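Dumped start-v5.pdb below, it's PDB, C-alpha atoms, pLDDT in the B column:
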ATOM      1  CA  MET A   1       0.654  19.601 -28.511  1.00 40.00           C
ATOM      2  CA  GLU A   2       0.657  16.086 -27.153  1.00 40.00           C
ATOM      3  CA  PRO A   3      -2.535  14.347 -26.146  1.00 41.00           C
ATOM      4  CA  ASP A   4      -3.188  13.875 -22.472  1.00 39.00           C
ATOM      5  CA  ASP A   5      -2.270  10.389 -21.317  1.00 39.00           C
ATOM      6  CA  GLU A   6      -4.703  10.432 -18.435  1.00 40.00           C
ATOM      7  CA  ALA A   7      -8.314  11.439 -18.241  1.00 40.00           C
ATOM      8  CA  GLY A   8      -8.509  13.685 -15.230  1.00 43.00           C
ATOM      9  CA  GLY A   9      -8.517  17.254 -14.076  1.00 48.00           C
ATOM     10  CA  GLY A  10     -11.380  18.129 -16.413  1.00 58.00           C
ATOM     11  CA  THR A  11      -9.611  16.855 -19.502  1.00 64.00           C
ATOM     12  CA  VAL A  12     -10.059  13.742 -21.546  1.00 65.00           C
ATOM     13  CA  ALA A  13      -7.472  11.781 -23.451  1.00 74.00           C
ATOM     14  CA  VAL A  14      -7.219  13.104 -26.982  1.00 77.00           C
ATOM     15  CA  PRO A  15      -7.262  10.239 -29.481  1.00 83.00           C
ATOM     16  CA  ARG A  16      -4.101  10.369 -31.590  1.00 87.00           C
ATOM     17  CA  ASN A  17      -6.040   9.965 -34.837  1.00 89.00           C
ATOM     18  CA  ALA A  18      -8.217  12.977 -33.936  1.00 91.00           C
ATOM     19  CA  LEU A  19      -5.145  15.045 -33.064  1.00 90.00           C
ATOM     20  CA  LYS A  20      -3.469  14.029 -36.338  1.00 94.00           C
ATOM     21  CA  THR A  21      -6.591  15.022 -38.288  1.00 94.00           C
ATOM     22  CA  TRP A  22      -6.815  18.301 -36.343  1.00 95.00           C
ATOM     23  CA  ASP A  23      -3.190  19.129 -37.175  1.00 95.00           C
ATOM     24  CA  LYS A  24      -3.771  18.431 -40.881  1.00 96.00           C
ATOM     25  CA  VAL A  25      -6.969  20.472 -41.196  1.00 97.00           C
ATOM     26  CA  ARG A  26      -5.401  23.340 -39.208  1.00 97.00           C
ATOM     27  CA  GLU A  27      -2.396  23.335 -41.540  1.00 98.00           C
ATOM     28  CA  PHE A  28      -4.698  23.258 -44.587  1.00 98.00           C
ATOM     29  CA  ALA A  29      -6.816  26.158 -43.280  1.00 98.00           C
ATOM     30  CA  LEU A  30      -3.784  28.304 -42.491  1.00 98.00           C
ATOM     31  CA  GLY A  31      -2.384  27.627 -45.972  1.00 98.00           C
ATOM     32  CA  LEU A  32      -5.317  29.338 -47.671  1.00 98.00           C
ATOM     33  CA  PRO A  33      -4.640  32.842 -49.064  1.00 98.00           C
ATOM     34  CA  GLY A  34      -4.785  35.526 -46.383  1.00 98.00           C
ATOM     35  CA  ALA A  35      -5.576  33.056 -43.583  1.00 98.00           C
ATOM     36  CA  ALA A  36      -4.496  33.907 -40.049  1.00 98.00           C
ATOM     37  CA  GLU A  37      -4.685  31.989 -36.783  1.00 98.00           C
ATOM     38  CA  GLU A  38      -6.169  33.598 -33.689  1.00 97.00           C
ATOM     39  CA  PHE A  39      -7.205  32.366 -30.252  1.00 96.00           C
ATOM     40  CA  PRO A  40     -10.415  34.083 -29.133  1.00 93.00           C
ATOM     41  CA  TRP A  41     -12.268  32.500 -26.222  1.00 87.00           C
ATOM     42  CA  GLY A  42      -9.277  30.206 -25.669  1.00 89.00           C
ATOM     43  CA  GLU A  43      -9.862  28.216 -28.841  1.00 92.00           C
ATOM     44  CA  THR A  44      -8.131  28.128 -32.200  1.00 95.00           C
ATOM     45  CA  VAL A  45      -9.809  29.785 -35.188  1.00 97.00           C
ATOM     46  CA  ALA A  46      -8.707  30.546 -38.729  1.00 98.00           C
ATOM     47  CA  LYS A  47      -9.723  33.927 -40.076  1.00 98.00           C
ATOM     48  CA  VAL A  48      -9.628  35.646 -43.423  1.00 98.00           C
ATOM     49  CA  ASN A  49     -10.174  39.391 -43.700  1.00 96.00           C
ATOM     50  CA  LYS A  50     -10.683  39.449 -39.885  1.00 96.00           C
ATOM     51  CA  LYS A  51     -13.644  37.021 -40.148  1.00 97.00           C
ATOM     52  CA  VAL A  52     -13.663  33.438 -38.843  1.00 97.00           C
ATOM     53  CA  PHE A  53     -14.014  30.793 -41.540  1.00 98.00           C
ATOM     54  CA  VAL A  54     -13.301  27.754 -39.349  1.00 98.00           C
ATOM     55  CA  PHE A  55     -13.500  27.180 -35.622  1.00 97.00           C
ATOM     56  CA  LEU A  56     -10.915  24.538 -34.692  1.00 96.00           C
ATOM     57  CA  GLY A  57     -11.727  24.394 -30.994  1.00 92.00           C
ATOM     58  CA  VAL A  58      -9.059  23.187 -28.590  1.00 88.00           C
ATOM     59  CA  SER A  59      -6.563  20.365 -28.783  1.00 83.00           C
ATOM     60  CA  ASP A  60      -5.777  20.035 -25.076  1.00 84.00           C
ATOM     61  CA  GLY A  61      -8.530  17.573 -24.172  1.00 83.00           C
ATOM     62  CA  SER A  62     -10.646  20.118 -22.292  1.00 84.00           C
ATOM     63  CA  TYR A  63     -13.399  19.744 -24.890  1.00 86.00           C
ATOM     64  CA  PRO A  64     -14.013  17.067 -27.568  1.00 86.00           C
ATOM     65  CA  MET A  65     -12.040  17.856 -30.727  1.00 91.00           C
ATOM     66  CA  GLY A  66     -13.931  19.079 -33.741  1.00 94.00           C
ATOM     67  CA  VAL A  67     -14.175  21.660 -36.478  1.00 96.00           C
ATOM     68  CA  THR A  68     -16.997  24.087 -37.165  1.00 97.00           C
ATOM     69  CA  VAL A  69     -17.480  25.281 -40.738  1.00 98.00           C
ATOM     70  CA  LYS A  70     -19.986  27.363 -42.693  1.00 97.00           C
ATOM     71  CA  LEU A  71     -21.509  25.294 -45.480  1.00 97.00           C
ATOM     72  CA  LYS A  72     -23.767  27.273 -47.802  1.00 95.00           C
ATOM     73  CA  ASP A  73     -24.127  24.429 -50.310  1.00 94.00           C
ATOM     74  CA  ALA A  74     -27.235  22.507 -49.232  1.00 94.00           C
ATOM     75  CA  GLU A  75     -25.802  19.128 -50.253  1.00 95.00           C
ATOM     76  CA  ALA A  76     -22.520  19.664 -48.376  1.00 95.00           C
ATOM     77  CA  HIS A  77     -24.419  20.972 -45.351  1.00 96.00           C
ATOM     78  CA  ALA A  78     -26.700  17.938 -45.277  1.00 96.00           C
ATOM     79  CA  HIS A  79     -23.727  15.598 -45.782  1.00 95.00           C
ATOM     80  CA  ALA A  80     -21.807  17.197 -42.909  1.00 97.00           C
ATOM     81  CA  LEU A  81     -24.793  16.732 -40.597  1.00 97.00           C
ATOM     82  CA  THR A  82     -24.750  12.975 -41.304  1.00 96.00           C
ATOM     83  CA  SER A  83     -21.268  12.715 -39.736  1.00 95.00           C
ATOM     84  CA  PRO A  84     -21.262  10.915 -36.370  1.00 95.00           C
ATOM     85  CA  GLY A  85     -21.976  13.447 -33.633  1.00 95.00           C
ATOM     86  CA  ALA A  86     -22.301  16.401 -36.037  1.00 96.00           C
ATOM     87  CA  GLU A  87     -24.753  19.144 -35.153  1.00 96.00           C
ATOM     88  CA  PRO A  88     -25.678  22.689 -36.096  1.00 96.00           C
ATOM     89  CA  ALA A  89     -23.263  25.057 -34.378  1.00 94.00           C
ATOM     90  CA  GLY A  90     -24.324  26.699 -31.138  1.00 89.00           C
ATOM     91  CA  TYR A  91     -24.946  30.356 -30.347  1.00 88.00           C
ATOM     92  CA  GLY A  92     -27.368  30.647 -33.267  1.00 89.00           C
ATOM     93  CA  LEU A  93     -24.632  29.998 -35.845  1.00 92.00           C
ATOM     94  CA  GLY A  94     -26.372  26.812 -36.985  1.00 93.00           C
ATOM     95  CA  LYS A  95     -29.171  28.919 -38.469  1.00 92.00           C
ATOM     96  CA  ALA A  96     -26.569  30.585 -40.707  1.00 94.00           C
ATOM     97  CA  GLY A  97     -25.252  27.248 -42.030  1.00 95.00           C
ATOM     98  CA  TRP A  98     -22.489  26.540 -39.501  1.00 97.00           C
ATOM     99  CA  VAL A  99     -21.967  22.863 -38.625  1.00 97.00           C
ATOM    100  CA  ARG A 100     -19.802  21.382 -35.862  1.00 97.00           C
ATOM    101  CA  VAL A 101     -18.181  18.083 -36.856  1.00 96.00           C
ATOM    102  CA  PRO A 102     -16.435  16.025 -34.141  1.00 95.00           C
ATOM    103  CA  LEU A 103     -13.082  14.476 -35.029  1.00 94.00           C
ATOM    104  CA  ALA A 104     -12.859  11.654 -32.496  1.00 90.00           C
ATOM    105  CA  GLU A 105     -16.132   9.874 -33.288  1.00 91.00           C
ATOM    106  CA  LYS A 106     -15.967   6.459 -34.928  1.00 91.00           C
ATOM    107  CA  GLY A 107     -16.682   7.028 -38.617  1.00 92.00           C
ATOM    108  CA  SER A 108     -15.625  10.705 -38.579  1.00 93.00           C
ATOM    109  CA  PRO A 109     -15.113  12.240 -42.021  1.00 95.00           C
ATOM    110  CA  ALA A 110     -11.776  11.745 -43.761  1.00 95.00           C
ATOM    111  CA  THR A 111      -9.263  14.577 -43.623  1.00 96.00           C
ATOM    112  CA  ASP A 112      -9.694  15.316 -47.350  1.00 97.00           C
ATOM    113  CA  LEU A 113     -13.443  15.793 -46.925  1.00 97.00           C
ATOM    114  CA  LEU A 114     -12.924  18.038 -43.893  1.00 97.00           C
ATOM    115  CA  CYS A 115     -10.487  20.118 -45.951  1.00 98.00           C
ATOM    116  CA  ASP A 116     -13.108  20.397 -48.726  1.00 97.00           C
ATOM    117  CA  TRP A 117     -15.597  21.717 -46.175  1.00 98.00           C
ATOM    118  CA  ILE A 118     -13.014  24.142 -44.776  1.00 98.00           C
ATOM    119  CA  GLU A 119     -12.373  25.418 -48.298  1.00 98.00           C
ATOM    120  CA  GLU A 120     -16.111  25.873 -48.863  1.00 97.00           C
ATOM    121  CA  SER A 121     -16.363  27.772 -45.582  1.00 98.00           C
ATOM    122  CA  TYR A 122     -13.372  29.909 -46.615  1.00 98.00           C
ATOM    123  CA  ARG A 123     -15.021  30.690 -49.961  1.00 97.00           C
ATOM    124  CA  ALA A 124     -18.197  31.795 -48.136  1.00 96.00           C
ATOM    125  CA  ILE A 125     -16.212  34.301 -46.041  1.00 96.00           C
ATOM    126  CA  ALA A 126     -13.170  35.383 -48.106  1.00 98.00           C
ATOM    127  CA  PRO A 127     -13.113  38.442 -50.369  1.00 97.00           C
ATOM    128  CA  LYS A 128     -13.259  37.809 -54.124  1.00 97.00           C
ATOM    129  CA  GLY A 129      -9.606  38.732 -54.645  1.00 97.00           C
ATOM    130  CA  LEU A 130      -8.392  36.009 -52.285  1.00 98.00           C
ATOM    131  CA  ILE A 131     -10.780  33.472 -53.819  1.00 97.00           C
ATOM    132  CA  ALA A 132      -9.315  34.347 -57.234  1.00 97.00           C
ATOM    133  CA  GLU A 133      -5.826  33.795 -55.768  1.00 97.00           C
ATOM    134  CA  LEU A 134      -6.921  30.379 -54.486  1.00 97.00           C
ATOM    135  CA  ASP A 135      -8.441  29.467 -57.864  1.00 97.00           C
ATOM    136  CA  ALA A 136      -5.171  30.418 -59.589  1.00 96.00           C
ATOM    137  CA  ARG A 137      -3.199  27.847 -57.565  1.00 91.00           C
TER
END
Please go through the file and, once you have read it, give me the structure as structure tokens.
Amino acid sequence: MEPDDEAGGGTVAVPRNALKTWDKVREFALGLPGAAEEFPWGETVAKVNKKVFVFLGVSDGSYPMGVTVKLKDAEAHAHALTSPGAEPAGYGLGKAGWVRVPLAEKGSPATDLLCDWIEESYRAIAPKGLIAELDAR
């Protein structure tokens, strides 16, 4: 998808760097064992064993780009929350360790760090057999 060139009609221009990061983290997430892409509620998610392990939101400019991951490790969770604009996920998910991290904010986390968080989220959701497959890579 290409970023919108004009801010209008309820959409905002999608910064190219955010879109590039989004593409890379999406590709990483879908490369994990057993991962599948679905589009509930009009947004992109990656699931394993029919459970969401990363919410990727939308890339069409209708909502600020970001990723939402489940971080059980207290240090990783606290680190994610220090990212510019990061916040506990809505709908009560924040209480279960889910964090939404914007991609277009100045000082947003590097792609490699986002991928680390996606992998941690995957490990929190995936069955042991798929985690063993990942570890064997």
message: I'd like to know which of A:Val14, A:Val101, A:Val48, A:Leu19 is closest to A:Leu32, using only C-alpha atoms.
response: A:Val48
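Nearest residue to A:Val52 among A:Glu133, A:Arg26, A:Tyr122, A:Leu93 is A:Tyr122, counting all atoms listed in the file.
Atom pair atom CA of A:Ala89 / atom CA of A:Phe53: separated by 13.0 Å.
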message: At a cut-off of 10 Å, using only C-alpha atoms, what residues contact A:Leu134? Leave out same-chain residues fewer than 4 positions from it and give the result as a list in words.
response: Leu32, Pro33, Gly34, Glu119, Arg123, Lys128, Gly129 and Leu130 of chain A
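For the set A:Thr111, A:Ser62, A:Gly94, A:His77, the residue with the smallest atom-to-atom gap to A:Lys20 is A:Thr111, counting all atoms listed in the file.
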- prompt: What gap, in Å, lies between atom CA of A:Ser108 and atom CA of A:Lys50?
  reply: 29.2 Å
On this structure, which residues satisfy the PyMOL selection byres ((chain A and resi 55) around 8), written as a PDB file with C-alpha atoms, in the frame of the given file?
ATOM      1  CA  GLU A  43      -9.862  28.216 -28.841  1.00 92.00           C
ATOM      2  CA  THR A  44      -8.131  28.128 -32.200  1.00 95.00           C
ATOM      3  CA  VAL A  45      -9.809  29.785 -35.188  1.00 97.00           C
ATOM      4  CA  ALA A  46      -8.707  30.546 -38.729  1.00 98.00           C
ATOM      5  CA  VAL A  52     -13.663  33.438 -38.843  1.00 97.00           C
ATOM      6  CA  PHE A  53     -14.014  30.793 -41.540  1.00 98.00           C
ATOM      7  CA  VAL A  54     -13.301  27.754 -39.349  1.00 98.00           C
ATOM      8  CA  LEU A  56     -10.915  24.538 -34.692  1.00 96.00           C
ATOM      9  CA  GLY A  57     -11.727  24.394 -30.994  1.00 92.00           C
ATOM     10  CA  VAL A  67     -14.175  21.660 -36.478  1.00 96.00           C
ATOM     11  CA  THR A  68     -16.997  24.087 -37.165  1.00 97.00           C
ATOM     12  CA  VAL A  69     -17.480  25.281 -40.738  1.00 98.00           C
TER      13      VAL A  69
END
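In this model, the gap between atom CA of A:Leu81 and atom CA of A:Ala18 comes to 18.3 Å.
With all atoms listed in the file as the atoms that count, the residue of A:Pro84, A:Ser59, A:Pro127, A:Gly90 with the shortest distance to A:Lys106 is A:Pro84.
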query: Restricting the calculation to all atoms listed in the file, which member of A:Ala76, A:Val99, A:Val58, A:Ile131 is positioned closest to A:Trp22?
result: A:Val58
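In this comparison, which uses all atoms listed in the file, the residue of A:Ile118, A:Ala29, A:Ala132, A:Ala35 approaching A:Ala80 most closely is A:Ile118.
Counting all atoms listed in the file, A:Glu105 has the following residues at most 12 Å away, ignoring those fewer than 3 positions along the same chain: Val14, Pro15, Asn17, Ala18, Thr21, Pro64, Met65, Gly66, Ser83, Pro84, Gly85, Ala86, Val101, Pro102, Ser108, Pro109 and Ala110 of chain A.
Protein, DNA and RNA residues at most 9 Å from (-2.2, 17.1, -46.6), with only C-alpha atoms, are these: Lys24, Val25, Glu27, Phe28, Thr111, Asp112 and Cys115 of chain A.
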Could you take the residues named above and write them with C-alpha atoms, as a PDB file, in the frame of the given file?
ATOM      1  CA  LYS A  24      -3.771  18.431 -40.881  1.00 96.00           C
ATOM      2  CA  VAL A  25      -6.969  20.472 -41.196  1.00 97.00           C
ATOM      3  CA  GLU A  27      -2.396  23.335 -41.540  1.00 98.00           C
ATOM      4  CA  PHE A  28      -4.698  23.258 -44.587  1.00 98.00           C
ATOM      5  CA  THR A 111      -9.263  14.577 -43.623  1.00 96.00           C
ATOM      6  CA  ASP A 112      -9.694  15.316 -47.350  1.00 97.00           C
ATOM      7  CA  CYS A 115     -10.487  20.118 -45.951  1.00 98.00           C
TER       8      CYS A 115
END
- prompt: Can you list, as a PyMOL selection string, every protein, DNA or RNA residue that comes within 9 Å of A:Asp73 when you count all atoms listed in the file, leaving out same-chain residues fewer than 5 positions away?
  reply: chain A and resi 78+97+120
Store the residues picked out above in a file with C-alpha atoms, as a PDB file, in the coordinates of the input.
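The resulting file, result.pdb, is reproduced below:
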ATOM      1  CA  ALA A  78     -26.700  17.938 -45.277  1.00 96.00           C
ATOM      2  CA  GLY A  97     -25.252  27.248 -42.030  1.00 95.00           C
ATOM      3  CA  GLU A 120     -16.111  25.873 -48.863  1.00 97.00           C
TER       4      GLU A 120
END
